[in-house]
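Shown next: data.pdb, given as PDB, C-alpha atoms.
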ATOM      1  CA  MET L   1     -16.384 -10.575  23.747
ATOM      2  CA  LYS L   2     -17.799 -13.289  21.464
ATOM      3  CA  LYS L   3     -20.554 -10.873  20.382
ATOM      4  CA  ASN L   4     -17.977  -8.231  19.371
ATOM      5  CA  ARG L   5     -15.970 -10.838  17.455
ATOM      6  CA  SER L   6     -19.019 -11.952  15.463
ATOM      7  CA  LYS L   7     -19.819  -8.308  14.662
ATOM      8  CA  LYS L   8     -16.287  -7.782  13.362
ATOM      9  CA  ILE L   9     -16.509 -10.924  11.253
ATOM     10  CA  LEU L  10     -19.853  -9.746   9.819
ATOM     11  CA  PHE L  11     -18.326  -6.367   8.990
ATOM     12  CA  ILE L  12     -15.312  -7.941   7.290
ATOM     13  CA  LEU L  13     -17.531 -10.298   5.267
ATOM     14  CA  SER L  14     -19.735  -7.373   4.193
ATOM     15  CA  LEU L  15     -16.728  -5.353   3.088
ATOM     16  CA  PHE L  16     -15.251  -8.342   1.246
ATOM     17  CA  SER L  17     -18.519  -8.993  -0.599
ATOM     18  CA  LEU L  18     -18.609  -5.366  -1.733
ATOM     19  CA  PHE L  19     -15.069  -5.627  -3.100
ATOM     20  CA  VAL L  20     -15.890  -8.887  -4.905
ATOM     21  CA  LEU L  21     -19.025  -7.349  -6.401
ATOM     22  CA  PHE L  22     -17.221  -4.396  -7.897
ATOM     23  CA  SER L  23     -14.014  -6.123  -8.905
ATOM     24  CA  SER L  24     -16.086  -8.598 -10.918
ATOM     25  CA  CYS L  25     -17.757  -5.723 -12.780
ATOM     26  CA  SER L  26     -14.570  -4.214 -14.191
ATOM     27  CA  GLY L  27     -14.053  -6.335 -17.284
ATOM     28  CA  GLY L  28     -15.815  -7.493 -20.424
ATOM     29  CA  ASP L  29     -18.596  -5.672 -22.236
ATOM     30  CA  ASP L  30     -19.394  -3.543 -19.167
ATOM     31  CA  ASP L  31     -16.455  -1.286 -20.102
ATOM     32  CA  THR L  32     -18.681   0.338 -22.735
ATOM     33  CA  ALA L  33     -21.232   1.479 -20.134
ATOM     34  CA  THR L  34     -22.405   5.057 -20.529
ATOM     35  CA  ASN L  35     -24.647   5.224 -17.465
ATOM     36  CA  THR L  36     -22.506   7.202 -15.025
ATOM     37  CA  ASN L  37     -23.906   8.900 -11.961
ATOM     38  CA  ASN L  38     -22.838  10.836  -8.882
ATOM     39  CA  TYR L  39     -24.015   9.632  -5.471
ATOM     40  CA  LYS L  40     -24.390  11.296  -2.093
ATOM     41  CA  ILE L  41     -25.126   9.506   1.186
ATOM     42  CA  THR L  42     -26.118  11.524   4.246
ATOM     43  CA  VAL L  43     -26.224   9.634   7.527
ATOM     44  CA  THR L  44     -27.085  10.936  10.987
ATOM     45  CA  LEU L  45     -26.939   8.710  14.067
ATOM     46  CA  VAL L  46     -27.887  10.134  17.452
ATOM     47  CA  GLY L  47     -27.588   8.170  20.689
ATOM     48  CA  VAL L  48     -24.779   5.758  19.769
ATOM     49  CA  GLY L  49     -23.122   4.377  22.899
ATOM     50  CA  ASN L  50     -19.885   2.557  23.645
ATOM     51  CA  GLU L  51     -21.594  -0.847  23.678
ATOM     52  CA  ASP L  52     -23.485  -0.374  20.392
ATOM     53  CA  PHE L  53     -22.359  -1.553  16.937
ATOM     54  CA  VAL L  54     -22.257   0.643  13.827
ATOM     55  CA  SER L  55     -20.999  -0.302  10.374
ATOM     56  CA  ILE L  56     -21.484   1.855   7.289
ATOM     57  CA  VAL L  57     -19.623   0.878   4.110
ATOM     58  CA  ALA L  58     -19.740   2.301   0.571
ATOM     59  CA  VAL L  59     -17.875   1.017  -2.489
ATOM     60  CA  SER L  60     -17.904   1.968  -6.173
ATOM     61  CA  GLN L  61     -15.658   2.443  -9.182
ATOM     62  CA  THR L  62     -15.375   4.485 -12.347
ATOM     63  CA  LEU L  63     -15.582   3.180 -15.880
ATOM     64  CA  GLY L  64     -11.773   3.089 -15.968
ATOM     65  CA  GLY L  65     -11.628   0.942 -12.820
ATOM     66  CA  LYS L  66     -10.715   3.718 -10.370
ATOM     67  CA  PHE L  67     -12.002   2.930  -6.876
ATOM     68  CA  ASP L  68     -10.816   5.956  -4.866
ATOM     69  CA  VAL L  69     -13.742   8.202  -5.758
ATOM     70  CA  TRP L  70     -14.959   9.269  -2.304
ATOM     71  CA  LYS L  71     -15.064  12.268  -0.043
ATOM     72  CA  VAL L  72     -16.450  12.421   3.483
ATOM     73  CA  ASN L  73     -17.635  15.741   4.895
ATOM     74  CA  ASN L  74     -15.863  17.472   1.969
ATOM     75  CA  VAL L  75     -12.520  15.712   2.613
ATOM     76  CA  VAL L  76     -11.336  13.676  -0.392
ATOM     77  CA  LYS L  77     -10.248  10.136   0.550
ATOM     78  CA  THR L  78      -7.333   9.794  -1.871
ATOM     79  CA  GLY L  79      -6.122   6.227  -2.312
ATOM     80  CA  GLU L  80      -9.002   4.706  -0.329
ATOM     81  CA  SER L  81     -11.138   2.215  -2.234
ATOM     82  CA  SER L  82     -14.123   2.423   0.108
ATOM     83  CA  VAL L  83     -15.653   4.462   2.881
ATOM     84  CA  SER L  84     -16.153   2.817   6.247
ATOM     85  CA  LEU L  85     -17.624   4.396   9.371
ATOM     86  CA  ASP L  86     -18.108   2.755  12.772
ATOM     87  CA  LYS L  87     -19.421   3.682  16.217
ATOM     88  CA  ALA L  88     -16.300   5.671  17.077
ATOM     89  CA  ASP L  89     -17.189   8.107  14.293
ATOM     90  CA  PHE L  90     -20.564   8.870  15.901
ATOM     91  CA  ILE L  91     -19.582   9.043  19.582
ATOM     92  CA  GLY L  92     -18.628  12.548  20.579
ATOM     93  CA  GLY L  93     -19.144  15.640  18.487
ATOM     94  CA  THR L  94     -20.006  14.542  14.942
ATOM     95  CA  THR L  95     -23.301  12.760  14.374
ATOM     96  CA  THR L  96     -23.795  13.532  10.665
ATOM     97  CA  TYR L  97     -21.599  12.451   7.767
ATOM     98  CA  VAL L  98     -21.965  13.279   4.086
ATOM     99  CA  ILE L  99     -20.338  10.677   1.834
ATOM    100  CA  GLU L 100     -20.080  11.621  -1.861
ATOM    101  CA  THR L 101     -18.508  10.363  -5.036
ATOM    102  CA  THR L 102     -15.907  12.807  -6.343
ATOM    103  CA  GLU L 103     -16.664  11.926  -9.966
ATOM    104  CA  PRO L 104     -19.345   9.971 -11.817
ATOM    105  CA  VAL L 105     -19.195   6.218 -11.233
ATOM    106  CA  ALA L 106     -20.088   3.735 -13.944
ATOM    107  CA  TYR L 107     -21.323   0.744 -11.981
ATOM    108  CA  GLY L 108     -23.459   2.367  -9.304
ATOM    109  CA  ILE L 109     -22.661   1.911  -5.634
ATOM    110  CA  ALA L 110     -22.887  -0.867  -3.094
ATOM    111  CA  ASN L 111     -23.725   0.439   0.350
ATOM    112  CA  ASP L 112     -24.389  -1.317   3.647
ATOM    113  CA  ILE L 113     -25.544   0.065   6.973
ATOM    114  CA  GLN L 114     -25.912  -1.865  10.207
ATOM    115  CA  VAL L 115     -26.770  -0.312  13.561
ATOM    116  CA  ILE L 116     -27.192  -2.621  16.557
ATOM    117  CA  ASN L 117     -28.442  -1.160  19.806
ATOM    118  CA  SER L 118     -26.864  -3.215  22.578
ATOM    119  CA  GLY L 119     -29.609  -2.364  25.025
ATOM    120  CA  ALA L 120     -27.225  -0.559  27.343
ATOM    121  CA  GLY L 121     -28.534   2.916  26.552
ATOM    122  CA  ALA L 122     -31.239   4.941  24.878
ATOM    123  CA  ASN L 123     -32.744   4.399  21.448
ATOM    124  CA  ILE L 124     -30.545   5.302  18.466
ATOM    125  CA  SER L 125     -32.056   7.740  15.991
ATOM    126  CA  VAL L 126     -31.147   6.898  12.367
ATOM    127  CA  SER L 127     -31.540   9.219   9.385
ATOM    128  CA  TYR L 128     -30.193   7.767   6.131
ATOM    129  CA  LYS L 129     -30.529   9.366   2.717
ATOM    130  CA  ILE L 130     -29.033   8.357  -0.632
ATOM    131  CA  GLU L 131     -29.154  10.690  -3.622
ATOM    132  CA  LYS L 132     -28.400   9.730  -7.218
ATOM    133  CA  ASP L 133     -27.617  12.767  -9.379
ATOM    134  CA  ASN L 134     -29.327  15.069  -6.831
ATOM    135  CA  THR L 135     -32.510  12.951  -6.745
ATOM    136  CA  VAL L 136     -33.381  11.253  -3.447
ATOM    137  CA  VAL L 137     -33.694   7.492  -3.987
ATOM    138  CA  ILE L 138     -33.562   6.322  -0.332
ATOM    139  CA  ASN L 139     -34.814   8.265   2.672
ATOM    140  CA  GLU L 140     -34.893   6.222   5.897
ATOM    141  CA  ASN L 141     -35.787   7.723   9.267
ATOM    142  CA  THR L 142     -36.146   5.323  12.163
ATOM    143  CA  SER L 143     -35.356   4.677  15.791
ATOM    144  CA  VAL L 144     -33.443   1.567  16.820
ATOM    145  CA  ALA L 145     -34.758   0.401  20.190
ATOM    146  CA  ASN L 146     -32.716  -1.362  22.860
ATOM    147  CA  GLY L 147     -31.765  -4.852  21.721
ATOM    148  CA  SER L 148     -32.819  -4.165  18.106
ATOM    149  CA  ASP L 149     -30.988  -3.529  14.877
ATOM    150  CA  PHE L 150     -31.326  -1.635  11.611
ATOM    151  CA  THR L 151     -29.625  -3.420   8.718
ATOM    152  CA  LYS L 152     -29.909  -2.476   5.033
ATOM    153  CA  ASN L 153     -27.988  -3.299   1.868
ATOM    154  CA  TYR L 154     -28.392  -0.960  -1.092
ATOM    155  CA  LYS L 155     -27.078  -1.457  -4.620
ATOM    156  CA  PHE L 156     -27.644   0.938  -7.511
TER     157      PHE L 156
END
As structure tokens:
Amino acid sequence: MKKNRSKKILFILSLFSLFVLFSSCSGGDDDTATNTNNYKITVTLVGVGNEDFVSIVAVSQTLGGKFDVWKVNNVVKTGESSVSLDKADFIGGTTTYVIETTEPVAYGIANDIQVINSGAGANISVSYKIEKDNTVVINENTSVANGSDFTKNYKF
């Protein structure tokens, strides 16, 4: 139980840091930025079990300060300032999610992924790709063994 609590605290701290990062970027001279891009994240996790931990978070905003710029598997997330997936999203039928910005974002994206294999089951297969304006900038393919983790923080 203590292990699950520390995982939840880590997730909440990660999400909070993403919000702080982007809320601090919304004022000042940055409002004249012209570098806007679309992003697409494709994640596939195979082998996630009930005892494993999964946290995938993406945050961004437009030049005008709009945060709700996401769609997941072609469903627009109106009014949601970030995308967050956990183990429940990968247990069962769906193992692949496509997370995309619905319009160009001015300040890039902040994106975290953490997969912890509890050791109670098989290895977890991870495929993680980030595209910026249809160009692949991250392409991770790995296997997370029992008792191991895969943790990455990306900022563009």
Run the PyMOL selection byres ((chain L and resi 39) around 12) against the file shown and list the residues it catches, as an mmCIF file with C-alpha atoms, in the frame of the given file.
data_model
loop_
_atom_site.group_PDB
_atom_site.id
_atom_site.type_symbol
_atom_site.label_atom_id
_atom_site.label_comp_id
_atom_site.auth_asym_id
_atom_site.auth_seq_id
_atom_site.Cartn_x
_atom_site.Cartn_y
_atom_site.Cartn_z
ATOM 1 C CA THR L 36 -22.506 7.202 -15.025
ATOM 2 C CA ASN L 37 -23.906 8.900 -11.961
ATOM 3 C CA ASN L 38 -22.838 10.836 -8.882
ATOM 4 C CA LYS L 40 -24.390 11.296 -2.093
ATOM 5 C CA ILE L 41 -25.126 9.506 1.186
ATOM 6 C CA THR L 42 -26.118 11.524 4.246
ATOM 7 C CA ALA L 58 -19.740 2.301 0.571
ATOM 8 C CA VAL L 59 -17.875 1.017 -2.489
ATOM 9 C CA SER L 60 -17.904 1.968 -6.173
ATOM 10 C CA GLN L 61 -15.658 2.443 -9.182
ATOM 11 C CA VAL L 69 -13.742 8.202 -5.758
ATOM 12 C CA TRP L 70 -14.959 9.269 -2.304
ATOM 13 C CA LYS L 71 -15.064 12.268 -0.043
ATOM 14 C CA VAL L 98 -21.965 13.279 4.086
ATOM 15 C CA ILE L 99 -20.338 10.677 1.834
ATOM 16 C CA GLU L 100 -20.080 11.621 -1.861
ATOM 17 C CA THR L 101 -18.508 10.363 -5.036
ATOM 18 C CA THR L 102 -15.907 12.807 -6.343
ATOM 19 C CA GLU L 103 -16.664 11.926 -9.966
ATOM 20 C CA PRO L 104 -19.345 9.971 -11.817
ATOM 21 C CA VAL L 105 -19.195 6.218 -11.233
ATOM 22 C CA ALA L 106 -20.088 3.735 -13.944
ATOM 23 C CA TYR L 107 -21.323 0.744 -11.981
ATOM 24 C CA GLY L 108 -23.459 2.367 -9.304
ATOM 25 C CA ILE L 109 -22.661 1.911 -5.634
ATOM 26 C CA ALA L 110 -22.887 -0.867 -3.094
ATOM 27 C CA ASN L 111 -23.725 0.439 0.350
ATOM 28 C CA LYS L 129 -30.529 9.366 2.717
ATOM 29 C CA ILE L 130 -29.033 8.357 -0.632
ATOM 30 C CA GLU L 131 -29.154 10.690 -3.622
ATOM 31 C CA LYS L 132 -28.400 9.730 -7.218
ATOM 32 C CA ASP L 133 -27.617 12.767 -9.379
ATOM 33 C CA ASN L 134 -29.327 15.069 -6.831
ATOM 34 C CA THR L 135 -32.510 12.951 -6.745
ATOM 35 C CA VAL L 136 -33.381 11.253 -3.447
ATOM 36 C CA VAL L 137 -33.694 7.492 -3.987
ATOM 37 C CA ILE L 138 -33.562 6.322 -0.332
ATOM 38 C CA LYS L 155 -27.078 -1.457 -4.620
ATOM 39 C CA PHE L 156 -27.644 0.938 -7.511
#
(request) Could you list the residues chosen by the PyMOL selection byres ((chain L and resi 79-82) around 6) in this structure as number ranges by chain? (result) L: 58-59, 67-68, 77-78, 83
Residues from last step as file, C-alpha atoms, as a tab-separated table (two decimals), keeping the file's coordinate frame:
chain	number	residue	atom	x	y	z
L	58	ALA	CA	-19.74	2.30	0.57
L	59	VAL	CA	-17.88	1.02	-2.49
L	67	PHE	CA	-12.00	2.93	-6.88
L	68	ASP	CA	-10.82	5.96	-4.87
L	77	LYS	CA	-10.25	10.14	0.55
L	78	THR	CA	-7.33	9.79	-1.87
L	83	VAL	CA	-15.65	4.46	2.88
(request) Please indicate the distance in Å from atom CA of Gly64 of chain L to atom CA of Val76 of chain L, rounded to one decimal place. (result)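 Going from atom CA of Gly64 of chain L over to atom CA of Val76 of chain L covers 18.8 Å.
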(message) To test your reading of the syntax: which residues would the PyMOL selection byres ((chain L and resi 93) around 12) return for the file shown? Reply as a list in words.
(response) Thr44, Leu45, Val46, Gly47, Val48, Ala88, Asp89, Phe90, Ile91, Gly92, Thr94, Thr95, Thr96 and Tyr97 of chain L
(message) With distances taken over only C-alpha atoms, which residue among L:Asn74, L:Asn146, L:Ser127, L:Thr151 lies nearest Asp112 of chain L?
(response)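 Closest to Asp112 of chain L, using only C-alpha atoms: L:Thr151.
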(message) My list of candidates is L:Ile113, L:Val75, L:Leu85, L:Ala122. Which is closest to Gly147 of chain L when distances are computed with all atoms listed in the file?
(response)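 Closest residue, counting all atoms listed in the file: L:Ala122.
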(request) Enter the distance from atom CA of Ser55 of chain L to atom CA of Lys152 of chain L, in Å, rounded to one decimal. (result) 10.6 Å
Reconstructed N, CA, C and O atoms for segment 95-112 of chain L, given as a PDB file, in the frame of the given file:
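Once everything was written out, this is part18.pdb:
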ATOM      1  N   THR L  95     -22.254  13.774  14.502  1.00  0.00           N
ATOM      2  CA  THR L  95     -23.301  12.760  14.374  1.00  0.00           C
ATOM      3  C   THR L  95     -23.806  12.640  12.937  1.00  0.00           C
ATOM      4  O   THR L  95     -24.562  11.737  12.627  1.00  0.00           O
ATOM      5  N   THR L  96     -23.376  13.560  12.065  1.00  0.00           N
ATOM      6  CA  THR L  96     -23.795  13.532  10.665  1.00  0.00           C
ATOM      7  C   THR L  96     -22.580  13.476   9.755  1.00  0.00           C
ATOM      8  O   THR L  96     -21.625  14.226   9.937  1.00  0.00           O
ATOM      9  N   TYR L  97     -22.649  12.570   8.776  1.00  0.00           N
ATOM     10  CA  TYR L  97     -21.599  12.451   7.767  1.00  0.00           C
ATOM     11  C   TYR L  97     -22.231  12.507   6.391  1.00  0.00           C
ATOM     12  O   TYR L  97     -23.281  11.920   6.164  1.00  0.00           O
ATOM     13  N   VAL L  98     -21.555  13.209   5.479  1.00  0.00           N
ATOM     14  CA  VAL L  98     -21.965  13.279   4.086  1.00  0.00           C
ATOM     15  C   VAL L  98     -20.878  12.588   3.273  1.00  0.00           C
ATOM     16  O   VAL L  98     -19.725  13.022   3.255  1.00  0.00           O
ATOM     17  N   ILE L  99     -21.249  11.494   2.628  1.00  0.00           N
ATOM     18  CA  ILE L  99     -20.338  10.677   1.834  1.00  0.00           C
ATOM     19  C   ILE L  99     -20.727  10.885   0.370  1.00  0.00           C
ATOM     20  O   ILE L  99     -21.878  10.662   0.004  1.00  0.00           O
ATOM     21  N   GLU L 100     -19.768  11.318  -0.463  1.00  0.00           N
ATOM     22  CA  GLU L 100     -20.080  11.621  -1.861  1.00  0.00           C
ATOM     23  C   GLU L 100     -19.036  11.032  -2.794  1.00  0.00           C
ATOM     24  O   GLU L 100     -17.868  10.912  -2.434  1.00  0.00           O
ATOM     25  N   THR L 101     -19.476  10.716  -4.007  1.00  0.00           N
ATOM     26  CA  THR L 101     -18.508  10.363  -5.036  1.00  0.00           C
ATOM     27  C   THR L 101     -17.890  11.657  -5.561  1.00  0.00           C
ATOM     28  O   THR L 101     -18.572  12.677  -5.667  1.00  0.00           O
ATOM     29  N   THR L 102     -16.603  11.617  -5.862  1.00  0.00           N
ATOM     30  CA  THR L 102     -15.907  12.807  -6.343  1.00  0.00           C
ATOM     31  C   THR L 102     -16.011  12.968  -7.854  1.00  0.00           C
ATOM     32  O   THR L 102     -15.679  14.019  -8.386  1.00  0.00           O
ATOM     33  N   GLU L 103     -16.454  11.901  -8.522  1.00  0.00           N
ATOM     34  CA  GLU L 103     -16.664  11.926  -9.966  1.00  0.00           C
ATOM     35  C   GLU L 103     -17.725  10.882 -10.284  1.00  0.00           C
ATOM     36  O   GLU L 103     -18.012  10.018  -9.467  1.00  0.00           O
ATOM     37  N   PRO L 104     -18.318  10.961 -11.469  1.00  0.00           N
ATOM     38  CA  PRO L 104     -19.345   9.971 -11.817  1.00  0.00           C
ATOM     39  C   PRO L 104     -18.785   8.553 -11.799  1.00  0.00           C
ATOM     40  O   PRO L 104     -17.655   8.318 -12.225  1.00  0.00           O
ATOM     41  N   VAL L 105     -19.591   7.627 -11.288  1.00  0.00           N
ATOM     42  CA  VAL L 105     -19.195   6.218 -11.233  1.00  0.00           C
ATOM     43  C   VAL L 105     -20.054   5.435 -12.215  1.00  0.00           C
ATOM     44  O   VAL L 105     -21.234   5.712 -12.389  1.00  0.00           O
ATOM     45  N   ALA L 106     -19.433   4.441 -12.844  1.00  0.00           N
ATOM     46  CA  ALA L 106     -20.088   3.735 -13.944  1.00  0.00           C
ATOM     47  C   ALA L 106     -20.948   2.565 -13.501  1.00  0.00           C
ATOM     48  O   ALA L 106     -21.872   2.179 -14.196  1.00  0.00           O
ATOM     49  N   TYR L 107     -20.650   1.978 -12.360  1.00  0.00           N
ATOM     50  CA  TYR L 107     -21.323   0.744 -11.981  1.00  0.00           C
ATOM     51  C   TYR L 107     -22.206   0.918 -10.755  1.00  0.00           C
ATOM     52  O   TYR L 107     -22.488  -0.034 -10.051  1.00  0.00           O
ATOM     53  N   GLY L 108     -22.641   2.130 -10.476  1.00  0.00           N
ATOM     54  CA  GLY L 108     -23.459   2.367  -9.304  1.00  0.00           C
ATOM     55  C   GLY L 108     -22.638   2.269  -8.029  1.00  0.00           C
ATOM     56  O   GLY L 108     -21.417   2.377  -8.044  1.00  0.00           O
ATOM     57  N   ILE L 109     -23.333   2.067  -6.914  1.00  0.00           N
ATOM     58  CA  ILE L 109     -22.661   1.911  -5.634  1.00  0.00           C
ATOM     59  C   ILE L 109     -23.231   0.697  -4.909  1.00  0.00           C
ATOM     60  O   ILE L 109     -24.365   0.295  -5.145  1.00  0.00           O
ATOM     61  N   ALA L 110     -22.419   0.134  -4.050  1.00  0.00           N
ATOM     62  CA  ALA L 110     -22.887  -0.867  -3.094  1.00  0.00           C
ATOM     63  C   ALA L 110     -22.699  -0.217  -1.731  1.00  0.00           C
ATOM     64  O   ALA L 110     -21.650   0.350  -1.435  1.00  0.00           O
ATOM     65  N   ASN L 111     -23.740  -0.278  -0.916  1.00  0.00           N
ATOM     66  CA  ASN L 111     -23.725   0.439   0.350  1.00  0.00           C
ATOM     67  C   ASN L 111     -24.455  -0.374   1.399  1.00  0.00           C
ATOM     68  O   ASN L 111     -25.567  -0.830   1.176  1.00  0.00           O
ATOM     69  N   ASP L 112     -23.800  -0.583   2.526  1.00  0.00           N
ATOM     70  CA  ASP L 112     -24.389  -1.317   3.647  1.00  0.00           C
ATOM     71  C   ASP L 112     -24.412  -0.434   4.882  1.00  0.00           C
ATOM     72  O   ASP L 112     -23.468   0.321   5.122  1.00  0.00           O
TER      73      ASP L 112
END
